[in-house]
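Text of the file data27.csv, holding CSV, C-alpha atoms:
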```
chain,number,residue,atom,x,y,z
A,24,MET,CA,-10.1,-8.9,-1.6
A,25,GLY,CA,-13.3,-7.4,-2.9
A,26,GLY,CA,-14.3,-3.8,-3.0
A,27,PRO,CA,-13.0,-1.1,-0.7
A,28,VAL,CA,-13.6,-1.3,3.0
A,29,GLY,CA,-12.4,2.3,3.6
A,30,SER,CA,-10.0,5.0,2.5
A,31,GLY,CA,-6.4,3.9,2.0
A,32,ARG,CA,-5.2,6.2,4.7
A,33,ASP,CA,-7.3,4.3,7.2
A,34,PHE,CA,-5.1,1.3,6.8
A,35,LEU,CA,-1.7,2.8,7.6
A,36,GLY,CA,-1.5,3.2,11.4
A,37,PRO,CA,-2.5,0.7,14.0
A,38,PHE,CA,-5.9,-0.4,12.6
A,39,LEU,CA,-5.6,-3.9,13.9
A,40,GLY,CA,-7.0,-4.8,17.3
A,41,THR,CA,-5.8,-7.4,19.8
A,42,GLY,CA,-7.1,-10.9,19.9
A,43,ASP,CA,-7.1,-14.0,17.7
A,44,GLY,CA,-9.7,-13.3,15.0
A,45,ALA,CA,-11.7,-16.4,14.4
A,46,GLY,CA,-9.4,-18.4,16.6
A,47,ASP,CA,-6.9,-18.9,13.7
A,48,GLY,CA,-4.3,-16.3,14.7
A,49,GLY,CA,-5.6,-14.1,11.9
A,50,PRO,CA,-6.1,-10.3,12.0
A,51,VAL,CA,-8.7,-8.5,14.1
A,52,PHE,CA,-9.9,-5.1,13.0
A,53,ARG,CA,-10.3,-2.3,15.6
A,54,ASP,CA,-13.2,-0.8,13.6
A,55,ALA,CA,-16.2,-3.2,14.1
A,56,ALA,CA,-17.8,-2.0,10.8
A,57,VAL,CA,-14.6,-2.9,8.9
A,58,GLY,CA,-14.5,-6.3,10.6
A,59,ARG,CA,-18.1,-6.9,9.7
A,60,LEU,CA,-17.5,-6.0,6.0
A,61,VAL,CA,-14.4,-8.3,5.8
A,62,GLY,CA,-16.3,-11.1,7.5
A,63,GLU,CA,-19.2,-10.8,5.1
A,64,PHE,CA,-16.8,-10.9,2.2
A,65,LEU,CA,-15.0,-13.9,3.5
A,66,GLU,CA,-18.4,-15.7,3.8
A,67,GLN,CA,-19.2,-14.8,0.2
A,68,LEU,CA,-16.0,-16.6,-0.9
A,69,GLY,CA,-17.4,-19.7,0.7
A,70,GLY,CA,-15.6,-19.4,3.9
A,71,CYS,CA,-16.2,-21.8,6.7
A,72,GLY,CA,-16.6,-19.2,9.4
A,73,CYS,CA,-13.0,-19.6,10.4
A,74,GLY,CA,-11.7,-16.2,9.2
A,75,PHE,CA,-8.8,-15.7,6.9
A,76,ALA,CA,-7.5,-19.2,7.6
A,77,GLY,CA,-10.4,-20.6,5.6
A,78,LEU,CA,-9.4,-18.8,2.4
A,79,GLU,CA,-8.7,-21.2,-0.5
A,80,VAL,CA,-7.8,-18.4,-2.9
A,81,PRO,CA,-4.9,-15.9,-2.8
A,82,LEU,CA,-5.4,-12.7,-0.9
A,83,VAL,CA,-4.8,-9.5,-3.0
A,84,CYS,CA,-4.5,-6.3,-1.0
A,85,THR,CA,-3.3,-2.7,-1.1
A,86,PHE,CA,-3.2,-1.9,2.7
A,87,GLY,CA,-0.2,0.3,3.5
A,88,LEU,CA,0.5,1.4,0.0
A,89,SER,CA,-1.1,4.8,0.2
A,90,ALA,CA,2.4,6.2,-0.2
A,91,HIS,CA,1.1,9.7,-1.0
A,92,THR,CA,-0.3,10.0,2.5
A,93,VAL,CA,3.0,8.8,4.1
A,94,ALA,CA,4.7,11.5,1.9
A,95,THR,CA,2.6,14.4,3.1
A,96,ARG,CA,4.9,17.4,3.0
A,97,GLN,CA,4.3,18.7,6.5
A,98,ASN,CA,5.3,15.3,8.0
A,99,TRP,CA,8.9,15.8,6.7
A,100,ASP,CA,9.5,19.5,7.3
A,101,LEU,CA,11.8,18.8,10.2
A,102,HIS,CA,14.2,16.9,7.9
A,103,ARG,CA,14.5,19.5,5.1
A,104,ASP,CA,17.7,21.2,4.3
A,105,ARG,CA,18.1,25.0,3.9
A,106,HIS,CA,16.9,24.7,0.3
A,107,GLY,CA,13.7,23.1,1.4
A,108,ALA,CA,14.5,19.6,0.1
A,109,VAL,CA,14.6,16.3,2.0
A,110,PRO,CA,18.2,15.2,1.6
A,111,GLU,CA,18.9,12.1,-0.4
A,112,ARG,CA,21.2,10.8,2.4
A,113,PHE,CA,18.3,11.0,4.8
A,114,LEU,CA,16.0,9.2,2.4
A,115,ARG,CA,18.5,6.3,2.3
A,116,SER,CA,19.0,6.2,6.1
A,117,GLY,CA,17.8,3.7,8.6
A,118,LEU,CA,16.0,6.4,10.5
A,119,PHE,CA,13.9,7.2,7.4
A,120,ALA,CA,13.1,3.5,6.9
A,121,ASP,CA,12.1,3.2,10.5
A,122,LEU,CA,9.8,6.2,10.3
A,123,VAL,CA,8.1,4.9,7.2
A,124,ARG,CA,7.6,1.4,8.6
A,125,ALA,CA,6.2,3.0,11.8
A,126,SER,CA,3.7,4.9,9.6
A,127,VAL,CA,2.4,1.7,8.1
A,128,ARG,CA,2.8,-0.6,11.1
A,129,GLY,CA,-0.8,-1.6,11.0
A,130,ALA,CA,-0.6,-2.8,7.4
A,131,LEU,CA,2.7,-4.6,8.1
A,132,ALA,CA,1.1,-6.4,11.0
A,133,PHE,CA,-1.8,-7.4,8.8
A,134,TYR,CA,0.4,-8.8,6.1
A,135,GLY,CA,2.5,-10.6,8.7
A,136,ARG,CA,-0.5,-12.2,10.3
A,137,THR,CA,-2.1,-13.3,7.0
A,138,ALA,CA,1.2,-14.6,5.6
A,139,ALA,CA,1.7,-16.6,8.9
A,140,LEU,CA,-1.5,-18.4,8.2
A,141,GLY,CA,0.1,-19.9,5.1
A,142,LEU,CA,-1.9,-17.8,2.7
A,143,ARG,CA,-0.6,-16.6,-0.6
A,144,VAL,CA,-0.6,-12.8,-0.3
A,145,LEU,CA,-0.1,-10.3,-3.1
A,146,ALA,CA,0.1,-6.5,-2.8
A,147,VAL,CA,-0.3,-4.1,-5.6
A,148,MET,CA,2.1,-1.2,-5.8
A,149,PRO,CA,0.3,2.2,-6.0
A,150,PRO,CA,-0.2,4.4,-9.1
A,151,GLN,CA,2.9,6.6,-9.5
A,152,ARG,CA,1.0,9.8,-8.9
A,153,VAL,CA,2.1,12.4,-6.4
A,154,PRO,CA,-0.5,15.0,-5.5
A,155,GLY,CA,0.4,18.5,-4.4
A,156,MET,CA,0.1,17.6,-0.7
A,157,SER,CA,3.0,15.1,-1.0
A,158,ASP,CA,6.7,15.4,-1.4
A,159,PRO,CA,7.8,13.4,-4.6
A,160,ALA,CA,11.2,12.4,-3.2
A,161,VAL,CA,9.6,11.1,-0.1
A,162,PHE,CA,6.9,9.3,-2.0
A,163,PHE,CA,9.3,7.4,-4.2
A,164,ALA,CA,11.7,6.5,-1.3
A,165,ALA,CA,8.8,5.5,1.0
A,166,GLN,CA,7.2,3.1,-1.4
A,167,ASP,CA,10.6,1.4,-1.8
A,168,VAL,CA,10.8,0.9,1.9
A,169,ILE,CA,7.3,-0.4,2.1
A,170,GLY,CA,7.8,-2.8,-0.8
A,171,ALA,CA,10.9,-4.2,0.8
A,172,ALA,CA,9.1,-4.6,4.1
A,173,LEU,CA,6.3,-6.5,2.4
A,174,SER,CA,8.8,-8.8,0.6
A,175,ASP,CA,10.4,-9.5,3.9
A,176,ARG,CA,7.1,-10.8,5.1
A,177,GLY,CA,6.6,-13.1,2.2
A,178,VAL,CA,4.2,-10.9,0.3
A,179,GLU,CA,4.4,-11.0,-3.6
A,180,LEU,CA,4.5,-7.5,-5.2
A,181,ILE,CA,2.6,-6.6,-8.3
A,182,ASP,CA,4.8,-3.8,-9.5
A,183,LEU,CA,3.9,-2.1,-12.8
A,184,ARG,CA,6.2,0.9,-12.4
A,185,ALA,CA,8.4,0.0,-15.4
A,186,ARG,CA,5.4,-0.3,-17.7
A,187,VAL,CA,3.4,2.8,-16.7
A,188,THR,CA,5.9,5.6,-15.9
A,189,ASP,CA,7.8,8.1,-17.8
A,190,GLY,CA,11.5,9.0,-17.5
A,191,SER,CA,10.7,11.0,-14.3
A,192,GLY,CA,9.2,8.0,-12.6
A,193,HIS,CA,5.7,9.5,-12.7
A,194,GLN,CA,2.7,7.8,-14.1
A,195,ARG,CA,2.0,8.5,-17.8
A,196,PRO,CA,-1.2,10.3,-18.5
A,197,VAL,CA,-2.7,7.4,-20.5
A,198,PHE,CA,-2.8,5.5,-17.2
A,199,CYS,CA,-4.2,8.3,-15.0
A,200,GLN,CA,-7.7,8.9,-13.9
A,201,PRO,CA,-8.8,12.3,-15.4
A,202,ASP,CA,-9.6,15.1,-12.9
A,203,ASP,CA,-8.0,13.1,-10.2
A,204,THR,CA,-4.5,13.5,-8.7
A,205,ILE,CA,-4.1,10.1,-7.1
A,206,HIS,CA,-5.7,7.2,-8.9
A,207,GLY,CA,-5.0,5.2,-12.0
A,208,ASN,CA,-7.7,4.7,-14.7
A,209,LEU,CA,-9.3,1.7,-16.3
A,210,ALA,CA,-6.3,1.1,-18.5
A,211,PHE,CA,-4.1,0.9,-15.4
A,212,GLY,CA,-6.6,-1.4,-13.7
A,213,ARG,CA,-6.6,-3.7,-16.7
A,214,LEU,CA,-2.8,-4.0,-16.5
A,215,VAL,CA,-3.1,-4.9,-12.8
A,216,VAL,CA,-5.7,-7.6,-13.6
A,217,ALA,CA,-3.5,-8.9,-16.4
A,218,GLU,CA,-0.5,-9.1,-14.1
A,219,LEU,CA,-2.5,-10.9,-11.5
A,220,LEU,CA,-3.6,-13.4,-14.1
A,221,ASP,CA,0.0,-13.9,-15.2
A,222,ALA,CA,0.8,-14.6,-11.6
A,223,GLY,CA,-1.5,-17.5,-11.6
A,224,LEU,CA,-4.7,-16.1,-10.0
```

Mind turning this structure into structure tokens?
Amino acid sequence: MGGPVGSGRDFLGPFLGTGDGAGDGGPVFRDAAVGRLVGEFLEQLGGCGCGFAGLEVPLVCTFGLSAHTVATRQNWDLHRDRHGAVPERFLRSGLFADLVRASVRGALAFYGRTAALGLRVLAVMPPQRVPGMSDPAVFFAAQDVIGAALSDRGVELIDLRARVTDGSGHQRPVFCQPDDTIHGNLAFGRLVVAELLDAGL
């Protein structure tokens, strides 16, 4: 979609409301201001006033991919071992996957509803940057869970990890926004755009 409609963390929990959108079975946003911004953008695309169902172009989105927020250290303190680490066996468990999916349930519902409309939906995996507030092991494991859940819903993943990371799995400085611990820079954005073009957009 177009520009940002809010902070990424606002699109993790249950941000969708009940109802039937424009009568098309599409998503409804709880926040009226967000709903208005989305509606205005859909109209700019030449929409017919019938919500997401009227889209004639693919939908590109990053909802639910704020993995650094899911990986906030304090959220996982209960599961740490005596050395302070979140055990690998827990990160591979069904319980962990359930907890992560519950954390991004609003986003998963959004993708499910838009995909059900027959739209081509693509999601961009996040920059591989782990701020101090986040647990790196949880970050990497959580984004794998989220990516799998999106694929299960028919969402195409734009995944640049193999091209932008070093041997530790972290984003290389050349693709990092300076003086920022979360975002990619213009070079990273260009790779995203190139990947989208290669995907036929």

Taking into account only C-alpha atoms, which residue in the set A:Thr188, A:Gln194, A:Thr92, A:Thr204 is nearest to Gln166 (chain A)? A:Thr92

Which residue out of A:Leu140, A:Leu39, A:Val161, A:Ala108 has the minimum interatomic distance to Gly177 (chain A) when all atoms listed in the file are used?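 Checking each candidate against Gly177 (chain A), we get A:Leu140 as the closest.
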
Can you tell me which residues surround region 120-130 of chain A at a distance of at most 9 Å, considering only C-alpha atoms, apart from same-chain residues fewer than 4 positions away, and format the answer as a list in words?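 Near neighbours after the sequence-gap exclusion: Phe34, Leu35, Gly36, Pro37, Phe38, Leu39, Thr85, Phe86, Gly87, Leu88, Val93, Leu114, Arg115, Ser116, Tyr134, Gly135, Ala164, Ala165, Gln166, Val168, Ile169 and Ala172 of chain A.
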
With all atoms listed in the file as the atoms that count, which of A:Pro81, A:Gly170, A:Gly62, A:Gly207 lies nearest to Ala222 (chain A)?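 Of A:Pro81, A:Gly170, A:Gly62, A:Gly207, the one nearest Ala222 (chain A) is A:Pro81, counting all atoms listed in the file.
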
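Here CA of His206 (chain A) and CA of Arg152 (chain A) stand 7.2 Å from one another.
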